[in-house]
>>> print(open('model.txt').read())   # compact mmCIF, C-alpha atoms
# COMPACT_ATOMS: atom_id res chain seq x y z
CA ASP A 1 -33.32 35.39 49.60
CA SER A 2 -30.59 38.07 49.76
CA GLY A 3 -30.18 37.85 53.54
CA VAL A 4 -31.20 41.50 54.00
CA THR A 5 -34.38 41.84 56.05
CA GLN A 6 -36.67 44.84 55.90
CA THR A 7 -39.70 45.51 58.04
CA PRO A 8 -42.50 46.24 57.65
CA LYS A 9 -43.26 45.04 54.13
CA HIS A 10 -46.17 47.41 53.73
CA LEU A 11 -47.08 50.61 55.49
CA ILE A 12 -50.06 52.87 55.00
CA THR A 13 -50.12 56.15 56.84
CA ALA A 14 -51.63 59.61 56.66
CA THR A 15 -49.99 62.83 55.54
CA GLY A 16 -48.11 64.61 58.30
CA GLN A 17 -47.28 61.41 60.15
CA ARG A 18 -43.89 59.90 60.98
CA VAL A 19 -42.79 56.34 60.25
CA THR A 20 -39.71 54.24 60.88
CA LEU A 21 -38.43 51.64 58.45
CA ARG A 22 -36.07 48.97 59.69
CA CYS A 23 -33.29 47.08 57.97
CA SER A 24 -31.14 44.18 59.14
CA PRO A 25 -28.12 43.70 56.88
CA ARG A 26 -26.65 40.37 55.87
CA SER A 27 -24.52 38.74 58.52
CA GLY A 28 -21.04 40.22 58.37
CA ASP A 29 -21.96 43.24 56.25
CA LEU A 30 -20.90 46.57 57.71
CA SER A 31 -22.38 48.88 55.08
CA VAL A 32 -26.05 49.75 54.79
CA TYR A 33 -27.55 51.81 51.99
CA TRP A 34 -31.04 53.22 51.68
CA TYR A 35 -32.75 53.78 48.32
CA GLN A 36 -36.09 55.15 47.27
CA GLN A 37 -37.84 53.79 44.20
CA SER A 38 -40.75 55.63 42.71
CA LEU A 39 -42.38 55.23 39.32
CA ASP A 40 -41.23 58.57 37.98
CA GLN A 41 -37.77 58.79 39.57
CA GLY A 42 -36.48 55.24 39.42
CA LEU A 43 -34.09 54.00 42.10
CA GLN A 44 -32.54 56.91 43.98
CA PHE A 45 -29.76 56.70 46.54
CA LEU A 46 -30.63 58.26 49.90
CA ILE A 47 -27.88 57.57 52.40
CA HIS A 48 -25.01 55.20 53.26
CA TYR A 49 -23.79 54.08 56.67
CA TYR A 50 -20.66 52.11 57.36
CA ASN A 51 -20.16 50.52 60.77
CA GLY A 52 -22.36 53.12 62.44
CA GLU A 53 -20.93 56.12 60.68
CA GLU A 54 -22.64 58.14 57.97
CA ARG A 55 -20.50 57.96 54.83
CA ALA A 56 -22.50 59.52 52.03
CA LYS A 57 -25.75 61.32 51.42
CA GLY A 58 -27.71 61.42 48.23
CA ASN A 59 -31.00 63.09 47.47
CA ILE A 60 -32.35 62.72 50.97
CA LEU A 61 -34.89 65.23 52.18
CA GLU A 62 -34.38 67.06 55.48
CA ARG A 63 -37.57 65.40 56.73
CA PHE A 64 -35.81 62.06 56.40
CA SER A 65 -33.09 60.78 58.69
CA ALA A 66 -31.34 57.49 59.29
CA GLN A 67 -28.98 55.82 61.67
CA GLN A 68 -27.09 52.59 62.05
CA PHE A 69 -26.95 50.99 65.47
CA PRO A 70 -24.10 49.09 67.14
CA ASP A 71 -25.67 45.78 66.11
CA LEU A 72 -25.49 47.14 62.53
CA HIS A 73 -29.19 47.26 61.88
CA SER A 74 -30.40 50.53 60.44
CA GLU A 75 -33.52 52.62 60.62
CA LEU A 76 -34.84 55.19 58.18
CA ASN A 77 -37.13 57.78 59.76
CA LEU A 78 -39.54 59.66 57.55
CA SER A 79 -41.46 62.55 59.09
CA SER A 80 -44.07 65.10 58.04
CA LEU A 81 -45.03 62.68 55.33
CA GLU A 82 -46.41 63.94 52.06
CA LEU A 83 -48.30 62.14 49.31
CA GLY A 84 -45.17 62.28 47.15
CA ASP A 85 -43.24 60.21 49.67
CA SER A 86 -45.24 57.16 48.63
CA ALA A 87 -42.66 54.78 47.18
CA LEU A 88 -40.74 51.59 47.70
CA TYR A 89 -37.87 52.02 50.13
CA PHE A 90 -35.03 49.57 49.78
CA CYS A 91 -32.16 48.80 52.04
CA ALA A 92 -29.01 47.20 50.69
CA SER A 93 -25.91 45.93 52.43
CA SER A 94 -22.36 45.10 51.50
CA VAL A 95 -19.30 43.89 53.30
CA ALA A 96 -17.18 46.95 52.72
CA ALA A 97 -17.73 50.67 52.28
CA GLY A 98 -17.51 50.31 48.54
CA THR A 99 -20.57 49.09 46.69
CA THR A 100 -19.33 45.98 45.01
CA GLU A 101 -21.92 43.26 45.41
CA ALA A 102 -24.52 45.22 47.33
CA PHE A 103 -27.47 42.99 48.20
CA PHE A 104 -30.97 44.40 48.42
CA GLY A 105 -33.80 43.60 50.74
CA GLN A 106 -37.37 43.12 49.55
CA GLY A 107 -38.31 46.68 50.34
CA THR A 108 -40.96 48.49 52.33
CA ARG A 109 -43.88 49.79 50.32
CA LEU A 110 -44.99 53.07 51.86
CA THR A 111 -48.33 54.54 50.93
CA VAL A 112 -49.19 57.99 52.22
CA VAL A 113 -52.88 58.83 52.04
CA GLN B 1 -27.78 64.77 31.51
CA LYS B 2 -28.23 61.77 33.79
CA GLU B 3 -25.07 59.93 34.82
CA VAL B 4 -26.52 56.62 33.63
CA GLU B 5 -28.93 56.48 30.71
CA GLN B 6 -30.97 53.42 29.93
CA ASP B 7 -33.69 52.80 27.38
CA PRO B 8 -36.81 52.06 29.46
CA GLY B 9 -38.33 49.81 26.82
CA PRO B 10 -40.55 47.90 27.14
CA LEU B 11 -38.80 45.19 25.19
CA SER B 12 -40.56 41.99 24.11
CA VAL B 13 -38.74 39.09 22.49
CA PRO B 14 -39.68 35.46 21.73
CA GLU B 15 -38.38 32.69 23.93
CA GLY B 16 -34.95 31.48 22.88
CA ALA B 17 -33.89 34.79 21.36
CA ILE B 18 -30.75 36.69 22.30
CA VAL B 19 -31.56 39.81 24.30
CA SER B 20 -29.36 42.90 24.26
CA LEU B 21 -29.78 45.51 27.00
CA ASN B 22 -27.74 48.69 26.93
CA CYS B 23 -26.72 51.67 29.03
CA THR B 24 -24.50 54.68 28.55
CA TYR B 25 -22.81 56.69 31.27
CA SER B 26 -21.33 60.15 31.40
CA ASN B 27 -18.94 60.24 34.36
CA SER B 28 -15.61 58.43 34.04
CA ALA B 29 -14.78 58.59 37.75
CA PHE B 30 -15.89 55.13 38.65
CA GLN B 31 -14.74 51.55 38.50
CA TYR B 32 -17.60 49.14 38.86
CA PHE B 33 -20.50 48.35 36.63
CA MET B 34 -23.37 46.16 37.66
CA TRP B 35 -26.50 44.65 36.26
CA TYR B 36 -29.46 44.02 38.53
CA ARG B 37 -32.65 42.14 37.78
CA GLN B 38 -35.85 43.20 39.50
CA TYR B 39 -39.02 41.19 39.42
CA SER B 40 -42.26 43.03 40.02
CA ARG B 41 -42.64 44.17 43.64
CA LYS B 42 -39.32 42.59 44.63
CA GLY B 43 -35.89 43.95 45.53
CA PRO B 44 -33.20 44.28 42.86
CA GLU B 45 -31.05 41.17 42.57
CA LEU B 46 -27.41 41.43 41.54
CA LEU B 47 -26.77 39.54 38.30
CA MET B 48 -23.24 40.53 37.40
CA TYR B 49 -20.59 43.07 38.14
CA THR B 50 -17.42 43.92 36.32
CA TYR B 51 -14.45 46.19 36.86
CA SER B 52 -12.95 46.61 33.46
CA SER B 53 -13.54 46.87 29.78
CA GLY B 54 -14.28 43.67 27.91
CA ASN B 55 -16.66 40.79 28.42
CA LYS B 56 -17.63 38.81 31.49
CA GLU B 57 -19.69 35.69 31.11
CA ASP B 58 -21.85 33.87 33.64
CA GLY B 59 -24.00 31.11 32.25
CA ARG B 60 -26.48 32.59 29.79
CA PHE B 61 -25.51 36.14 30.75
CA THR B 62 -22.67 38.22 29.32
CA ALA B 63 -21.80 41.70 30.55
CA GLN B 64 -19.84 43.90 28.21
CA VAL B 65 -18.13 47.18 29.03
CA ASP B 66 -16.60 49.61 26.58
CA LYS B 67 -14.97 52.38 28.58
CA SER B 68 -13.80 54.25 25.49
CA SER B 69 -17.39 54.79 24.37
CA LYS B 70 -18.87 54.67 27.92
CA TYR B 71 -21.23 51.91 26.93
CA ILE B 72 -22.35 48.91 28.98
CA SER B 73 -24.39 45.98 27.73
CA LEU B 74 -26.00 42.84 29.03
CA PHE B 75 -26.66 39.94 26.68
CA ILE B 76 -28.99 37.11 27.57
CA ARG B 77 -28.72 33.96 25.48
CA ASP B 78 -31.49 31.40 25.08
CA SER B 79 -33.92 33.72 26.82
CA GLN B 80 -36.57 32.13 29.03
CA PRO B 81 -39.95 33.38 30.24
CA SER B 82 -38.43 33.46 33.73
CA ASP B 83 -36.08 36.18 32.46
CA SER B 84 -39.05 38.53 32.19
CA ALA B 85 -38.21 41.35 34.61
CA THR B 86 -36.84 44.86 34.76
CA TYR B 87 -33.09 45.05 34.24
CA LEU B 88 -31.17 47.86 35.89
CA CYS B 89 -27.65 48.88 35.07
CA ALA B 90 -25.64 50.65 37.75
CA LYS B 91 -22.25 52.16 38.29
CA GLY B 92 -20.25 52.51 41.45
CA THR B 93 -16.80 53.44 42.63
CA ASN B 94 -14.71 52.24 45.52
CA PHE B 95 -13.48 55.29 47.32
CA GLY B 96 -15.14 54.49 50.62
CA ASN B 97 -18.23 56.64 50.37
CA GLU B 98 -19.82 55.19 47.34
CA LYS B 99 -23.35 54.95 46.20
CA LEU B 100 -24.76 53.13 43.25
CA THR B 101 -26.12 55.25 40.45
CA PHE B 102 -28.82 53.39 38.59
CA GLY B 103 -30.29 53.65 35.18
CA THR B 104 -34.07 53.81 35.04
CA GLY B 105 -34.35 50.14 34.06
CA THR B 106 -35.51 48.28 30.96
CA ARG B 107 -38.65 46.22 31.25
CA LEU B 108 -38.18 42.92 29.41
CA THR B 109 -40.84 40.38 28.50
CA ILE B 110 -39.96 36.99 27.04
CA ILE B 111 -42.86 35.62 25.04
CA PRO B 112 -43.29 31.81 25.23
>>> encode(input="model.txt", output="structure tokens")
Amino acid sequence: DSGVTQTPKHLITATGQRVTLRCSPRSGDLSVYWYQQSLDQGLQFLIHYYNGEERAKGNILERFSAQQFPDLHSELNLSSLELGDSALYFCASSVAAGTTEAFFGQGTRLTVV
Amino acid sequence: QKEVEQDPGPLSVPEGAIVSLNCTYSNSAFQYFMWYRQYSRKGPELLMYTYSSGNKEDGRFTAQVDKSSKYISLFIRDSQPSDSATYLCAKGTNFGNEKLTFGTGTRLTIIP
């Protein structure tokens, strides 16, 4: 167990809908990262928050947004969902803003039908 | 060209064999290299990380980095069926706004 908690584990929703994925980082970790893993694209970095502040963006669509709250948990919001958004979404956390020893959660499997 | 290239395999070896997994990278502006193991339907698990060229050993695992040729390797000695997983190499930097850039992963099966 990495200590990073993601909920829900599975999510099935229809196209056009909006969902929120939640991540609780390991105790003491200030950085949260979101990744998308699909069969054809591999593991892709989406966004990084450090202590509530957005630090870096990767290939994140405009329909997607995230935030990190004062208690350091983070949420990834996906809207106007399309079939191609079906993927595993992982959250990772680390102590510092750098990515040494980032620990991953078990992921949320999103299926858009 | 992708920043991190990794042979996707699949790779099958008999139990007890030495496994060699390899990645190449194209961007020199980074410091850290990592190897993650991912079991099916699970999150990636950090195996090893290293900062510099040379070898780093941890039990049956050895990570090797050659910065001159931009080549990173993971060796697994005395491979076990429990080592069957997808292995992902990754690179990162430490300038405060980093992200990990992953290879596509190599699927490894250890045959009993």
>>> residues_around(input="model.txt", residues="B:Cys89", least_positions_apart="5", cutoff="7 Å", atoms="only C-alpha atoms", output="ChimeraX atom specification")
/B:23,34-36,102-103,105
>>> closest_atom_pairs(input="model.txt", of="chain A", to="chain B", cutoff="8 Å", atoms="all atoms listed in the file", output="JSON lines")
{"residue": "A:Ser2", "atom": "CA", "partner": "B:Glu45", "partner_atom": "CA", "distance": 7.8}
{"residue": "A:Tyr33", "atom": "CA", "partner": "B:Lys99", "partner_atom": "CA", "distance": 7.8}
{"residue": "A:Gln41", "atom": "CA", "partner": "B:Thr104", "partner_atom": "CA", "distance": 7.7}
{"residue": "A:Gly42", "atom": "CA", "partner": "B:Thr104", "partner_atom": "CA", "distance": 5.2}
{"residue": "A:Leu43", "atom": "CA", "partner": "B:Phe102", "partner_atom": "CA", "distance": 6.4}
{"residue": "A:Gln44", "atom": "CA", "partner": "B:Phe102", "partner_atom": "CA", "distance": 7.4}
{"residue": "A:Phe45", "atom": "CA", "partner": "B:Lys99", "partner_atom": "CA", "distance": 6.7}
{"residue": "A:His48", "atom": "CA", "partner": "B:Lys99", "partner_atom": "CA", "distance": 7.3}
{"residue": "A:Arg55", "atom": "CA", "partner": "B:Asn97", "partner_atom": "CA", "distance": 5.2}
{"residue": "A:Ala56", "atom": "CA", "partner": "B:Asn97", "partner_atom": "CA", "distance": 5.4}
{"residue": "A:Phe90", "atom": "CA", "partner": "B:Gly43", "partner_atom": "CA", "distance": 7.1}
{"residue": "A:Ala97", "atom": "CA", "partner": "B:Gly96", "partner_atom": "CA", "distance": 4.9}
{"residue": "A:Gly98", "atom": "CA", "partner": "B:Asn94", "partner_atom": "CA", "distance": 4.5}
{"residue": "A:Thr99", "atom": "CA", "partner": "B:Glu98", "partner_atom": "CA", "distance": 6.2}
{"residue": "A:Thr100", "atom": "CA", "partner": "B:Tyr32", "partner_atom": "CA", "distance": 7.1}
{"residue": "A:Glu101", "atom": "CA", "partner": "B:Leu46", "partner_atom": "CA", "distance": 7.0}
{"residue": "A:Ala102", "atom": "CA", "partner": "B:Leu46", "partner_atom": "CA", "distance": 7.5}
{"residue": "A:Phe103", "atom": "CA", "partner": "B:Leu46", "partner_atom": "CA", "distance": 6.8}
{"residue": "A:Phe104", "atom": "CA", "partner": "B:Gly43", "partner_atom": "CA", "distance": 5.7}
{"residue": "A:Gly105", "atom": "CA", "partner": "B:Gly43", "partner_atom": "CA", "distance": 5.6}
{"residue": "A:Gln106", "atom": "CA", "partner": "B:Gly43", "partner_atom": "CA", "distance": 4.4}
{"residue": "A:Gly107", "atom": "CA", "partner": "B:Gly43", "partner_atom": "CA", "distance": 6.0}
>>> closest_residue(input="model.txt", among="A:Ser79, A:Ser93, A:Asn51, A:Ser86", to="A:Thr20", atoms="only C-alpha atoms")
A:Ser79
>>> residues_around(input="model.txt", residues="B:Ala17", least_positions_apart="5", cutoff="10 Å", atoms="only C-alpha atoms", output="list in words")
Ile76, Arg77, Asp78, Ser79, Gln80, Ile110 and Ile111 of chain B
>>> atom_distance(input="model.txt", atom1="atom CA of A:Leu11", atom2="atom CA of A:Thr108")
7.2 Å
>>> residues_around(input="model.txt", residues="A:Ile60", least_positions_apart="4", cutoff="12 Å", atoms="all atoms listed in the file", output="list in words")
Tyr33, Trp34, Tyr35, Gln36, Gln44, Phe45, Leu46, Ile47, His48, Ala56, Phe64, Ser65, Ala66, Leu76, Asn77, Leu78 and Asp85 of chain A
>>> atom_distance(input="model.txt", atom1="atom CA of A:Asp29", atom2="atom CA of B:Ser40")
26.0 Å
>>> residues_around(input="model.txt", residues="stretch 21-28 of chain A", least_positions_apart="4", cutoff="6 Å", atoms="only C-alpha atoms", output="PyMOL selection string")
chain A and resi 3-7+73-76+93
>>> atom_distance(input="model.txt", atom1="atom CA of B:Glu15", atom2="atom CA of B:Asp66")
27.7 Å
>>> residues_near_point(input="model.txt", point="(-25.5, 56.8, 59.4)", cutoff="6 Å", atoms="only C-alpha atoms", output="ChimeraX atom specification")
/A:49,52-54,66-68
>>> decode(input="model.txt", residues="stretch 53-90 of chain A", atoms="N, CA, C and O atoms", output="PDB file, in the first residue's frame")
ATOM      1  N   GLU A  53      -0.921  25.003  -4.964  1.00  0.00           N
ATOM      2  CA  GLU A  53      -0.621  25.847  -6.123  1.00  0.00           C
ATOM      3  C   GLU A  53      -0.313  24.987  -7.343  1.00  0.00           C
ATOM      4  O   GLU A  53       0.455  24.025  -7.252  1.00  0.00           O
ATOM      5  N   GLU A  54      -0.875  25.350  -8.473  1.00  0.00           N
ATOM      6  CA  GLU A  54      -0.562  24.634  -9.710  1.00  0.00           C
ATOM      7  C   GLU A  54       0.872  24.918 -10.116  1.00  0.00           C
ATOM      8  O   GLU A  54       1.291  26.071 -10.203  1.00  0.00           O
ATOM      9  N   ARG A  55       1.636  23.844 -10.375  1.00  0.00           N
ATOM     10  CA  ARG A  55       3.055  24.023 -10.688  1.00  0.00           C
ATOM     11  C   ARG A  55       3.397  23.666 -12.126  1.00  0.00           C
ATOM     12  O   ARG A  55       4.350  24.194 -12.692  1.00  0.00           O
ATOM     13  N   ALA A  56       2.697  22.716 -12.690  1.00  0.00           N
ATOM     14  CA  ALA A  56       3.018  22.315 -14.060  1.00  0.00           C
ATOM     15  C   ALA A  56       1.813  21.646 -14.697  1.00  0.00           C
ATOM     16  O   ALA A  56       1.020  21.000 -14.022  1.00  0.00           O
ATOM     17  N   LYS A  57       1.690  21.890 -16.000  1.00  0.00           N
ATOM     18  CA  LYS A  57       0.628  21.245 -16.767  1.00  0.00           C
ATOM     19  C   LYS A  57       1.253  20.427 -17.862  1.00  0.00           C
ATOM     20  O   LYS A  57       2.229  20.829 -18.490  1.00  0.00           O
ATOM     21  N   GLY A  58       0.653  19.286 -18.102  1.00  0.00           N
ATOM     22  CA  GLY A  58       1.092  18.456 -19.210  1.00  0.00           C
ATOM     23  C   GLY A  58       0.035  18.465 -20.286  1.00  0.00           C
ATOM     24  O   GLY A  58      -0.550  19.490 -20.608  1.00  0.00           O
ATOM     25  N   ASN A  59      -0.243  17.299 -20.823  1.00  0.00           N
ATOM     26  CA  ASN A  59      -1.222  17.195 -21.909  1.00  0.00           C
ATOM     27  C   ASN A  59      -2.643  17.113 -21.368  1.00  0.00           C
ATOM     28  O   ASN A  59      -3.358  16.161 -21.621  1.00  0.00           O
ATOM     29  N   ILE A  60      -3.051  18.121 -20.662  1.00  0.00           N
ATOM     30  CA  ILE A  60      -4.377  18.105 -20.061  1.00  0.00           C
ATOM     31  C   ILE A  60      -5.350  18.876 -20.940  1.00  0.00           C
ATOM     32  O   ILE A  60      -5.079  19.995 -21.373  1.00  0.00           O
ATOM     33  N   LEU A  61      -6.470  18.256 -21.230  1.00  0.00           N
ATOM     34  CA  LEU A  61      -7.469  18.877 -22.074  1.00  0.00           C
ATOM     35  C   LEU A  61      -8.160  20.025 -21.337  1.00  0.00           C
ATOM     36  O   LEU A  61      -8.222  20.050 -20.109  1.00  0.00           O
ATOM     37  N   GLU A  62      -8.702  20.956 -22.106  1.00  0.00           N
ATOM     38  CA  GLU A  62      -9.413  22.091 -21.484  1.00  0.00           C
ATOM     39  C   GLU A  62     -10.664  21.628 -20.755  1.00  0.00           C
ATOM     40  O   GLU A  62     -11.127  22.302 -19.831  1.00  0.00           O
ATOM     41  N   ARG A  63     -11.197  20.498 -21.130  1.00  0.00           N
ATOM     42  CA  ARG A  63     -12.386  19.944 -20.454  1.00  0.00           C
ATOM     43  C   ARG A  63     -12.036  19.377 -19.081  1.00  0.00           C
ATOM     44  O   ARG A  63     -12.926  19.046 -18.306  1.00  0.00           O
ATOM     45  N   PHE A  64     -10.757  19.255 -18.808  1.00  0.00           N
ATOM     46  CA  PHE A  64     -10.311  18.710 -17.536  1.00  0.00           C
ATOM     47  C   PHE A  64      -9.765  19.833 -16.665  1.00  0.00           C
ATOM     48  O   PHE A  64      -9.112  20.762 -17.159  1.00  0.00           O
ATOM     49  N   SER A  65     -10.011  19.741 -15.382  1.00  0.00           N
ATOM     50  CA  SER A  65      -9.445  20.708 -14.452  1.00  0.00           C
ATOM     51  C   SER A  65      -9.146  20.010 -13.134  1.00  0.00           C
ATOM     52  O   SER A  65      -9.675  18.934 -12.868  1.00  0.00           O
ATOM     53  N   ALA A  66      -8.315  20.621 -12.335  1.00  0.00           N
ATOM     54  CA  ALA A  66      -7.957  20.017 -11.055  1.00  0.00           C
ATOM     55  C   ALA A  66      -7.741  21.112 -10.033  1.00  0.00           C
ATOM     56  O   ALA A  66      -7.600  22.288 -10.370  1.00  0.00           O
ATOM     57  N   GLN A  67      -7.745  20.709  -8.786  1.00  0.00           N
ATOM     58  CA  GLN A  67      -7.371  21.625  -7.726  1.00  0.00           C
ATOM     59  C   GLN A  67      -6.890  20.832  -6.532  1.00  0.00           C
ATOM     60  O   GLN A  67      -7.185  19.642  -6.386  1.00  0.00           O
ATOM     61  N   GLN A  68      -6.124  21.520  -5.694  1.00  0.00           N
ATOM     62  CA  GLN A  68      -5.648  20.921  -4.453  1.00  0.00           C
ATOM     63  C   GLN A  68      -6.149  21.795  -3.310  1.00  0.00           C
ATOM     64  O   GLN A  68      -5.960  23.009  -3.314  1.00  0.00           O
ATOM     65  N   PHE A  69      -6.755  21.179  -2.350  1.00  0.00           N
ATOM     66  CA  PHE A  69      -7.421  21.882  -1.260  1.00  0.00           C
ATOM     67  C   PHE A  69      -6.470  22.107  -0.093  1.00  0.00           C
ATOM     68  O   PHE A  69      -5.399  21.515  -0.027  1.00  0.00           O
ATOM     69  N   PRO A  70      -6.867  22.974   0.848  1.00  0.00           N
ATOM     70  CA  PRO A  70      -5.982  23.248   1.992  1.00  0.00           C
ATOM     71  C   PRO A  70      -5.575  22.004   2.776  1.00  0.00           C
ATOM     72  O   PRO A  70      -4.485  21.974   3.356  1.00  0.00           O
ATOM     73  N   ASP A  71      -6.427  20.983   2.809  1.00  0.00           N
ATOM     74  CA  ASP A  71      -6.023  19.754   3.510  1.00  0.00           C
ATOM     75  C   ASP A  71      -5.150  18.864   2.633  1.00  0.00           C
ATOM     76  O   ASP A  71      -4.822  17.745   3.006  1.00  0.00           O
ATOM     77  N   LEU A  72      -4.786  19.345   1.481  1.00  0.00           N
ATOM     78  CA  LEU A  72      -3.873  18.744   0.502  1.00  0.00           C
ATOM     79  C   LEU A  72      -4.492  17.656  -0.366  1.00  0.00           C
ATOM     80  O   LEU A  72      -3.810  17.162  -1.275  1.00  0.00           O
ATOM     81  N   HIS A  73      -5.733  17.296  -0.119  1.00  0.00           N
ATOM     82  CA  HIS A  73      -6.322  16.354  -1.058  1.00  0.00           C
ATOM     83  C   HIS A  73      -6.578  17.068  -2.381  1.00  0.00           C
ATOM     84  O   HIS A  73      -6.646  18.313  -2.433  1.00  0.00           O
ATOM     85  N   SER A  74      -6.703  16.304  -3.426  1.00  0.00           N
ATOM     86  CA  SER A  74      -6.868  16.893  -4.755  1.00  0.00           C
ATOM     87  C   SER A  74      -8.041  16.245  -5.474  1.00  0.00           C
ATOM     88  O   SER A  74      -8.403  15.105  -5.191  1.00  0.00           O
ATOM     89  N   GLU A  75      -8.613  17.004  -6.354  1.00  0.00           N
ATOM     90  CA  GLU A  75      -9.701  16.499  -7.192  1.00  0.00           C
ATOM     91  C   GLU A  75      -9.414  16.812  -8.654  1.00  0.00           C
ATOM     92  O   GLU A  75      -8.919  17.889  -8.984  1.00  0.00           O
ATOM     93  N   LEU A  76      -9.722  15.847  -9.492  1.00  0.00           N
ATOM     94  CA  LEU A  76      -9.601  16.006 -10.940  1.00  0.00           C
ATOM     95  C   LEU A  76     -11.008  15.970 -11.506  1.00  0.00           C
ATOM     96  O   LEU A  76     -11.732  14.996 -11.299  1.00  0.00           O
ATOM     97  N   ASN A  77     -11.403  17.039 -12.156  1.00  0.00           N
ATOM     98  CA  ASN A  77     -12.736  17.157 -12.731  1.00  0.00           C
ATOM     99  C   ASN A  77     -12.671  16.955 -14.239  1.00  0.00           C
ATOM    100  O   ASN A  77     -11.881  17.610 -14.924  1.00  0.00           O
ATOM    101  N   LEU A  78     -13.467  16.034 -14.726  1.00  0.00           N
ATOM    102  CA  LEU A  78     -13.514  15.739 -16.147  1.00  0.00           C
ATOM    103  C   LEU A  78     -14.926  16.031 -16.637  1.00  0.00           C
ATOM    104  O   LEU A  78     -15.893  15.481 -16.105  1.00  0.00           O
ATOM    105  N   SER A  79     -15.056  16.890 -17.624  1.00  0.00           N
ATOM    106  CA  SER A  79     -16.390  17.270 -18.086  1.00  0.00           C
ATOM    107  C   SER A  79     -16.560  16.988 -19.574  1.00  0.00           C
ATOM    108  O   SER A  79     -15.585  16.709 -20.282  1.00  0.00           O
ATOM    109  N   SER A  80     -17.795  17.055 -20.018  1.00  0.00           N
ATOM    110  CA  SER A  80     -18.138  16.778 -21.426  1.00  0.00           C
ATOM    111  C   SER A  80     -17.428  15.523 -21.898  1.00  0.00           C
ATOM    112  O   SER A  80     -16.746  15.514 -22.923  1.00  0.00           O
ATOM    113  N   LEU A  81     -17.594  14.477 -21.129  1.00  0.00           N
ATOM    114  CA  LEU A  81     -16.813  13.262 -21.360  1.00  0.00           C
ATOM    115  C   LEU A  81     -17.067  12.659 -22.727  1.00  0.00           C
ATOM    116  O   LEU A  81     -18.201  12.657 -23.241  1.00  0.00           O
ATOM    117  N   GLU A  82     -15.993  12.147 -23.286  1.00  0.00           N
ATOM    118  CA  GLU A  82     -16.035  11.463 -24.575  1.00  0.00           C
ATOM    119  C   GLU A  82     -15.562  10.028 -24.387  1.00  0.00           C
ATOM    120  O   GLU A  82     -14.905   9.704 -23.389  1.00  0.00           O
ATOM    121  N   LEU A  83     -15.888   9.194 -25.370  1.00  0.00           N
ATOM    122  CA  LEU A  83     -15.487   7.783 -25.286  1.00  0.00           C
ATOM    123  C   LEU A  83     -13.973   7.652 -25.095  1.00  0.00           C
ATOM    124  O   LEU A  83     -13.491   6.789 -24.355  1.00  0.00           O
ATOM    125  N   GLY A  84     -13.232   8.524 -25.741  1.00  0.00           N
ATOM    126  CA  GLY A  84     -11.772   8.467 -25.671  1.00  0.00           C
ATOM    127  C   GLY A  84     -11.188   8.847 -24.327  1.00  0.00           C
ATOM    128  O   GLY A  84      -9.985   8.686 -24.108  1.00  0.00           O
ATOM    129  N   ASP A  85     -12.021   9.332 -23.424  1.00  0.00           N
ATOM    130  CA  ASP A  85     -11.533   9.664 -22.088  1.00  0.00           C
ATOM    131  C   ASP A  85     -11.478   8.435 -21.190  1.00  0.00           C
ATOM    132  O   ASP A  85     -10.962   8.501 -20.069  1.00  0.00           O
ATOM    133  N   SER A  86     -12.002   7.339 -21.673  1.00  0.00           N
ATOM    134  CA  SER A  86     -11.944   6.091 -20.911  1.00  0.00           C
ATOM    135  C   SER A  86     -10.483   5.711 -20.704  1.00  0.00           C
ATOM    136  O   SER A  86      -9.714   5.578 -21.669  1.00  0.00           O
ATOM    137  N   ALA A  87     -10.095   5.555 -19.447  1.00  0.00           N
ATOM    138  CA  ALA A  87      -8.691   5.294 -19.117  1.00  0.00           C
ATOM    139  C   ALA A  87      -8.589   5.059 -17.625  1.00  0.00           C
ATOM    140  O   ALA A  87      -9.560   5.183 -16.882  1.00  0.00           O
ATOM    141  N   LEU A  88      -7.375   4.722 -17.213  1.00  0.00           N
ATOM    142  CA  LEU A  88      -7.040   4.701 -15.790  1.00  0.00           C
ATOM    143  C   LEU A  88      -6.458   6.055 -15.434  1.00  0.00           C
ATOM    144  O   LEU A  88      -5.566   6.557 -16.134  1.00  0.00           O
ATOM    145  N   TYR A  89      -6.937   6.642 -14.364  1.00  0.00           N
ATOM    146  CA  TYR A  89      -6.419   7.928 -13.905  1.00  0.00           C
ATOM    147  C   TYR A  89      -5.724   7.692 -12.568  1.00  0.00           C
ATOM    148  O   TYR A  89      -6.316   7.209 -11.610  1.00  0.00           O
ATOM    149  N   PHE A  90      -4.447   8.039 -12.560  1.00  0.00           N
ATOM    150  CA  PHE A  90      -3.643   7.843 -11.362  1.00  0.00           C
ATOM    151  C   PHE A  90      -3.282   9.170 -10.731  1.00  0.00           C
ATOM    152  O   PHE A  90      -3.014  10.164 -11.411  1.00  0.00           O
TER     153      PHE A  90
END
